[in-house]
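Following: one structure in structure tokens, then a few remarks.
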Amino acid sequence: HALKSYGGSAKQLVRLGCIQKGQRYVITSKFQLLKNEMNQSCDPDATGNEKCPQILFRAKLNGQFSLFRAKAIGSPSDKDWNVIYGTFTADSRSENAEELRLQYENLNGGADLIVDDVSIRKIPIDCKELKERGDEEIAEIAQKDGICK
């Protein structure tokens, strides 16, 4: 497994100095949920045990926080890898942060979380750049959301 979290939540610190104020970023991650070693489906809009995990991107500076969320997209299934996706425009707290953290939340009651291909990437103005880097799925979503042209 890439990373497997048993209950609780998975957290990862992000290297400081890489986020620039005013720049747009996309957060993506693949995930699967396992319960008793069986894949589980989830619902991005649910509030109970069927809810999908989310990523909280947290920038901390002088005891204050900027928070951005990435959510599961599509219809997460129990068959394949599912995708978490979110975009944000960095503020000065993100650029000058003393701590940057990605944290998985809303873990499906009792299910183990497996994650892979976690990334935070700059979003170019032109979606063509994303496609050239091999990020065609993200380029389609970003274009559909009006994030890039």
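Letters for chains follow the order of the structure tokens (A, B, ...), residue numbers begin at 1 for each chain, and ligand numbers begin at 1 in the order shown.
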
task: Identify all residues of chain A in strand (DSSP E or B) (DSSP on the backbone) and supply them as a PyMOL selection string.
output: chain A and resi 3-5+11-13+24-35+38-40+43+51+54-61+64-72+82-89+99-105+112-122

- request: Could you give me, as JSON, numbers by chain, the residues within 7 Å of segment 118-129 of chain A, counting only C-alpha atoms and dropping anything in the same chain fewer than 5 positions from it?
  value: {"A": [23, 24, 25, 26, 27, 28, 29, 30, 139, 143, 148, 149]}

query: Between atom CA of Asn36 of chain A and atom CA of Ser77 of chain A, what is the distance, to one decimal in Å?
result: 16.4 Å

query: Quick one: DSSP helix (DSSP H, G or I) residues in segment 38-111 of chain A, as a VMD selection string?
result: chain A and resid 92 to 95

- prompt: Could you pull the residues within 7 Å of Ala70 of chain A, counting only C-alpha atoms, minus those fewer than 4 positions along the same chain, as a ChimeraX atom specification?
  reply: /A:27,54-56,84-86

Selection to disk with all heavy atoms, as a PDB file, in the first residue's frame:
```
ATOM      1  N   ILE A  27      -4.938  20.562  -5.246  1.00  0.00           N
ATOM      2  CA  ILE A  27      -4.599  19.453  -4.356  1.00  0.00           C
ATOM      3  C   ILE A  27      -5.296  18.225  -4.903  1.00  0.00           C
ATOM      4  O   ILE A  27      -6.500  18.261  -5.169  1.00  0.00           O
ATOM      5  CB  ILE A  27      -5.105  19.705  -2.920  1.00  0.00           C
ATOM      6  CG1 ILE A  27      -4.467  20.955  -2.338  1.00  0.00           C
ATOM      7  CG2 ILE A  27      -4.849  18.491  -2.034  1.00  0.00           C
ATOM      8  CD1 ILE A  27      -5.083  21.392  -1.019  1.00  0.00           C
ATOM      9  N   GLN A  54     -11.939  13.799   3.144  1.00  0.00           N
ATOM     10  CA  GLN A  54     -11.576  15.085   2.563  1.00  0.00           C
ATOM     11  C   GLN A  54     -10.145  15.390   2.982  1.00  0.00           C
ATOM     12  O   GLN A  54      -9.636  14.804   3.932  1.00  0.00           O
ATOM     13  CB  GLN A  54     -12.469  16.209   3.092  1.00  0.00           C
ATOM     14  CG  GLN A  54     -13.906  16.089   2.744  1.00  0.00           C
ATOM     15  CD  GLN A  54     -14.722  17.259   3.307  1.00  0.00           C
ATOM     16  OE1 GLN A  54     -14.193  18.165   3.950  1.00  0.00           O
ATOM     17  NE2 GLN A  54     -16.012  17.229   3.066  1.00  0.00           N
ATOM     18  N   ILE A  55      -9.522  16.307   2.265  1.00  0.00           N
ATOM     19  CA  ILE A  55      -8.208  16.806   2.674  1.00  0.00           C
ATOM     20  C   ILE A  55      -8.390  18.233   3.152  1.00  0.00           C
ATOM     21  O   ILE A  55      -9.008  19.056   2.475  1.00  0.00           O
ATOM     22  CB  ILE A  55      -7.195  16.776   1.520  1.00  0.00           C
ATOM     23  CG1 ILE A  55      -6.892  15.343   1.102  1.00  0.00           C
ATOM     24  CG2 ILE A  55      -5.902  17.497   1.929  1.00  0.00           C
ATOM     25  CD1 ILE A  55      -5.962  15.232  -0.090  1.00  0.00           C
ATOM     26  N   LEU A  56      -7.850  18.516   4.309  1.00  0.00           N
ATOM     27  CA  LEU A  56      -7.784  19.872   4.835  1.00  0.00           C
ATOM     28  C   LEU A  56      -6.342  20.335   4.672  1.00  0.00           C
ATOM     29  O   LEU A  56      -5.419  19.686   5.174  1.00  0.00           O
ATOM     30  CB  LEU A  56      -8.185  19.891   6.309  1.00  0.00           C
ATOM     31  CG  LEU A  56      -8.063  21.238   7.016  1.00  0.00           C
ATOM     32  CD1 LEU A  56      -9.080  22.225   6.462  1.00  0.00           C
ATOM     33  CD2 LEU A  56      -8.252  21.071   8.512  1.00  0.00           C
ATOM     34  N   ILE A  84      -9.638  12.686  -4.757  1.00  0.00           N
ATOM     35  CA  ILE A  84      -9.946  13.895  -3.999  1.00  0.00           C
ATOM     36  C   ILE A  84      -9.316  15.044  -4.770  1.00  0.00           C
ATOM     37  O   ILE A  84      -8.180  14.949  -5.242  1.00  0.00           O
ATOM     38  CB  ILE A  84      -9.363  13.824  -2.568  1.00  0.00           C
ATOM     39  CG1 ILE A  84     -10.075  12.727  -1.778  1.00  0.00           C
ATOM     40  CG2 ILE A  84      -9.485  15.171  -1.869  1.00  0.00           C
ATOM     41  CD1 ILE A  84      -9.499  12.500  -0.384  1.00  0.00           C
ATOM     42  N   TYR A  85     -10.068  16.145  -4.898  1.00  0.00           N
ATOM     43  CA  TYR A  85      -9.632  17.271  -5.726  1.00  0.00           C
ATOM     44  C   TYR A  85     -10.100  18.568  -5.086  1.00  0.00           C
ATOM     45  O   TYR A  85     -11.221  18.646  -4.583  1.00  0.00           O
ATOM     46  CB  TYR A  85     -10.242  17.127  -7.122  1.00  0.00           C
ATOM     47  CG  TYR A  85     -10.219  18.363  -7.985  1.00  0.00           C
ATOM     48  CD1 TYR A  85      -9.131  18.654  -8.788  1.00  0.00           C
ATOM     49  CD2 TYR A  85     -11.299  19.235  -8.008  1.00  0.00           C
ATOM     50  CE1 TYR A  85      -9.114  19.777  -9.587  1.00  0.00           C
ATOM     51  CE2 TYR A  85     -11.295  20.367  -8.807  1.00  0.00           C
ATOM     52  CZ  TYR A  85     -10.202  20.633  -9.593  1.00  0.00           C
ATOM     53  OH  TYR A  85     -10.183  21.754 -10.378  1.00  0.00           O
ATOM     54  N   GLY A  86      -9.252  19.569  -5.091  1.00  0.00           N
ATOM     55  CA  GLY A  86      -9.640  20.901  -4.634  1.00  0.00           C
ATOM     56  C   GLY A  86      -8.625  21.922  -5.101  1.00  0.00           C
ATOM     57  O   GLY A  86      -7.460  21.602  -5.347  1.00  0.00           O
TER      58      GLY A  86
END
```

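The nearest approach to Asp117 of chain A among the residues A:Asn82, A:Gln20, A:Gln40, A:Ser92, with only C-alpha atoms taken into account, belongs to A:Asn82.
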
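Minimum atom-to-atom distance to Ala97 of chain A, evaluated using only C-alpha atoms, belongs to A:Cys18 out of A:Ala10, A:Met38, A:Cys18, A:Ile114.
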
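Nearest to Lys35 of chain A of all the residues A:Glu98, A:Gln64, A:Arg69, A:Asp112 is A:Asp112, based on only C-alpha atoms.
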
- request: Kindly indicate which residue among A:Glu140, A:Asp43, A:Glu132, A:Glu37 lies nearest to Gly74 of chain A, using only C-alpha atoms for the distances.
  value: A:Asp43

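Note that atom CA of Ile138 of chain A and atom CA of Asn106 of chain A are 22.8 Å apart.
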
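Distances here use only C-alpha atoms; by that measure, the residue among A:Gln32, A:Glu137, A:Gly22, A:Leu67 closest to Leu102 of chain A is A:Leu67.
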
- request: Excluding Glu99 of chain A and residues on its chain fewer than 6 positions from it, collect all residues at most 12 Å away from it, counting only C-alpha atoms, and give them as a PyMOL selection string.
  value: chain A and resi 12-19+57-66+93

Could you write out the selected residues, including N, CA, C and O atoms, as a PDB file, in the first residue's frame?
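Result file again_3.pdb:
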```pdb
ATOM      1  N   GLN A  12       0.257  15.029   7.001  1.00  0.00           N
ATOM      2  CA  GLN A  12       1.557  15.144   6.360  1.00  0.00           C
ATOM      3  C   GLN A  12       1.960  16.614   6.352  1.00  0.00           C
ATOM      4  O   GLN A  12       1.180  17.459   5.904  1.00  0.00           O
ATOM      5  N   LEU A  13       3.153  16.907   6.844  1.00  0.00           N
ATOM      6  CA  LEU A  13       3.658  18.271   6.765  1.00  0.00           C
ATOM      7  C   LEU A  13       4.120  18.546   5.340  1.00  0.00           C
ATOM      8  O   LEU A  13       4.618  17.659   4.652  1.00  0.00           O
ATOM      9  N   VAL A  14       3.950  19.791   4.906  1.00  0.00           N
ATOM     10  CA  VAL A  14       4.325  20.224   3.562  1.00  0.00           C
ATOM     11  C   VAL A  14       5.534  21.141   3.691  1.00  0.00           C
ATOM     12  O   VAL A  14       5.602  21.969   4.610  1.00  0.00           O
ATOM     13  N   ARG A  15       6.485  20.986   2.775  1.00  0.00           N
ATOM     14  CA  ARG A  15       7.708  21.794   2.822  1.00  0.00           C
ATOM     15  C   ARG A  15       7.375  23.285   2.740  1.00  0.00           C
ATOM     16  O   ARG A  15       6.585  23.718   1.887  1.00  0.00           O
ATOM     17  N   LEU A  16       7.968  24.041   3.624  1.00  0.00           N
ATOM     18  CA  LEU A  16       7.749  25.492   3.669  1.00  0.00           C
ATOM     19  C   LEU A  16       8.498  26.179   2.537  1.00  0.00           C
ATOM     20  O   LEU A  16       9.495  25.667   2.037  1.00  0.00           O
ATOM     21  N   GLY A  17       8.010  27.361   2.145  1.00  0.00           N
ATOM     22  CA  GLY A  17       8.694  28.170   1.144  1.00  0.00           C
ATOM     23  C   GLY A  17       8.334  27.852  -0.295  1.00  0.00           C
ATOM     24  O   GLY A  17       8.884  28.464  -1.209  1.00  0.00           O
ATOM     25  N   CYS A  18       7.433  26.926  -0.515  1.00  0.00           N
ATOM     26  CA  CYS A  18       7.075  26.530  -1.884  1.00  0.00           C
ATOM     27  C   CYS A  18       5.762  27.164  -2.355  1.00  0.00           C
ATOM     28  O   CYS A  18       5.437  27.101  -3.529  1.00  0.00           O
ATOM     29  N   ILE A  19       4.992  27.725  -1.442  1.00  0.00           N
ATOM     30  CA  ILE A  19       3.695  28.308  -1.770  1.00  0.00           C
ATOM     31  C   ILE A  19       3.872  29.812  -1.941  1.00  0.00           C
ATOM     32  O   ILE A  19       4.496  30.472  -1.108  1.00  0.00           O
ATOM     33  N   PHE A  57      -6.135  21.418   3.929  1.00  0.00           N
ATOM     34  CA  PHE A  57      -4.814  22.031   3.802  1.00  0.00           C
ATOM     35  C   PHE A  57      -4.797  23.198   4.779  1.00  0.00           C
ATOM     36  O   PHE A  57      -5.627  24.099   4.693  1.00  0.00           O
ATOM     37  N   ARG A  58      -3.854  23.156   5.714  1.00  0.00           N
ATOM     38  CA  ARG A  58      -3.829  24.130   6.795  1.00  0.00           C
ATOM     39  C   ARG A  58      -2.496  24.864   6.807  1.00  0.00           C
ATOM     40  O   ARG A  58      -1.436  24.247   6.861  1.00  0.00           O
ATOM     41  N   ALA A  59      -2.580  26.200   6.754  1.00  0.00           N
ATOM     42  CA  ALA A  59      -1.401  27.055   6.859  1.00  0.00           C
ATOM     43  C   ALA A  59      -1.478  27.781   8.188  1.00  0.00           C
ATOM     44  O   ALA A  59      -2.462  28.462   8.474  1.00  0.00           O
ATOM     45  N   LYS A  60      -0.425  27.647   9.022  1.00  0.00           N
ATOM     46  CA  LYS A  60      -0.405  28.264  10.351  1.00  0.00           C
ATOM     47  C   LYS A  60       0.672  29.338  10.394  1.00  0.00           C
ATOM     48  O   LYS A  60       1.822  29.096  10.025  1.00  0.00           O
ATOM     49  N   LEU A  61       0.283  30.537  10.852  1.00  0.00           N
ATOM     50  CA  LEU A  61       1.224  31.636  11.020  1.00  0.00           C
ATOM     51  C   LEU A  61       0.786  32.457  12.225  1.00  0.00           C
ATOM     52  O   LEU A  61      -0.346  32.948  12.261  1.00  0.00           O
ATOM     53  N   ASN A  62       1.670  32.602  13.203  1.00  0.00           N
ATOM     54  CA  ASN A  62       1.403  33.392  14.411  1.00  0.00           C
ATOM     55  C   ASN A  62       0.098  33.001  15.093  1.00  0.00           C
ATOM     56  O   ASN A  62      -0.684  33.854  15.517  1.00  0.00           O
ATOM     57  N   GLY A  63      -0.169  31.702  15.167  1.00  0.00           N
ATOM     58  CA  GLY A  63      -1.360  31.212  15.862  1.00  0.00           C
ATOM     59  C   GLY A  63      -2.649  31.352  15.085  1.00  0.00           C
ATOM     60  O   GLY A  63      -3.725  31.028  15.589  1.00  0.00           O
ATOM     61  N   GLN A  64      -2.598  31.839  13.842  1.00  0.00           N
ATOM     62  CA  GLN A  64      -3.785  31.964  13.001  1.00  0.00           C
ATOM     63  C   GLN A  64      -3.660  30.997  11.834  1.00  0.00           C
ATOM     64  O   GLN A  64      -2.561  30.624  11.436  1.00  0.00           O
ATOM     65  N   PHE A  65      -4.814  30.609  11.287  1.00  0.00           N
ATOM     66  CA  PHE A  65      -4.837  29.574  10.256  1.00  0.00           C
ATOM     67  C   PHE A  65      -5.578  30.022   9.005  1.00  0.00           C
ATOM     68  O   PHE A  65      -6.563  30.744   9.090  1.00  0.00           O
ATOM     69  N   SER A  66      -5.091  29.557   7.866  1.00  0.00           N
ATOM     70  CA  SER A  66      -5.842  29.583   6.612  1.00  0.00           C
ATOM     71  C   SER A  66      -6.159  28.134   6.310  1.00  0.00           C
ATOM     72  O   SER A  66      -5.281  27.264   6.412  1.00  0.00           O
ATOM     73  N   ARG A  93      -0.622  34.183   4.479  1.00  0.00           N
ATOM     74  CA  ARG A  93      -0.391  33.231   5.568  1.00  0.00           C
ATOM     75  C   ARG A  93       0.184  31.928   5.008  1.00  0.00           C
ATOM     76  O   ARG A  93       1.081  31.338   5.593  1.00  0.00           O
TER      77      ARG A  93
END
```
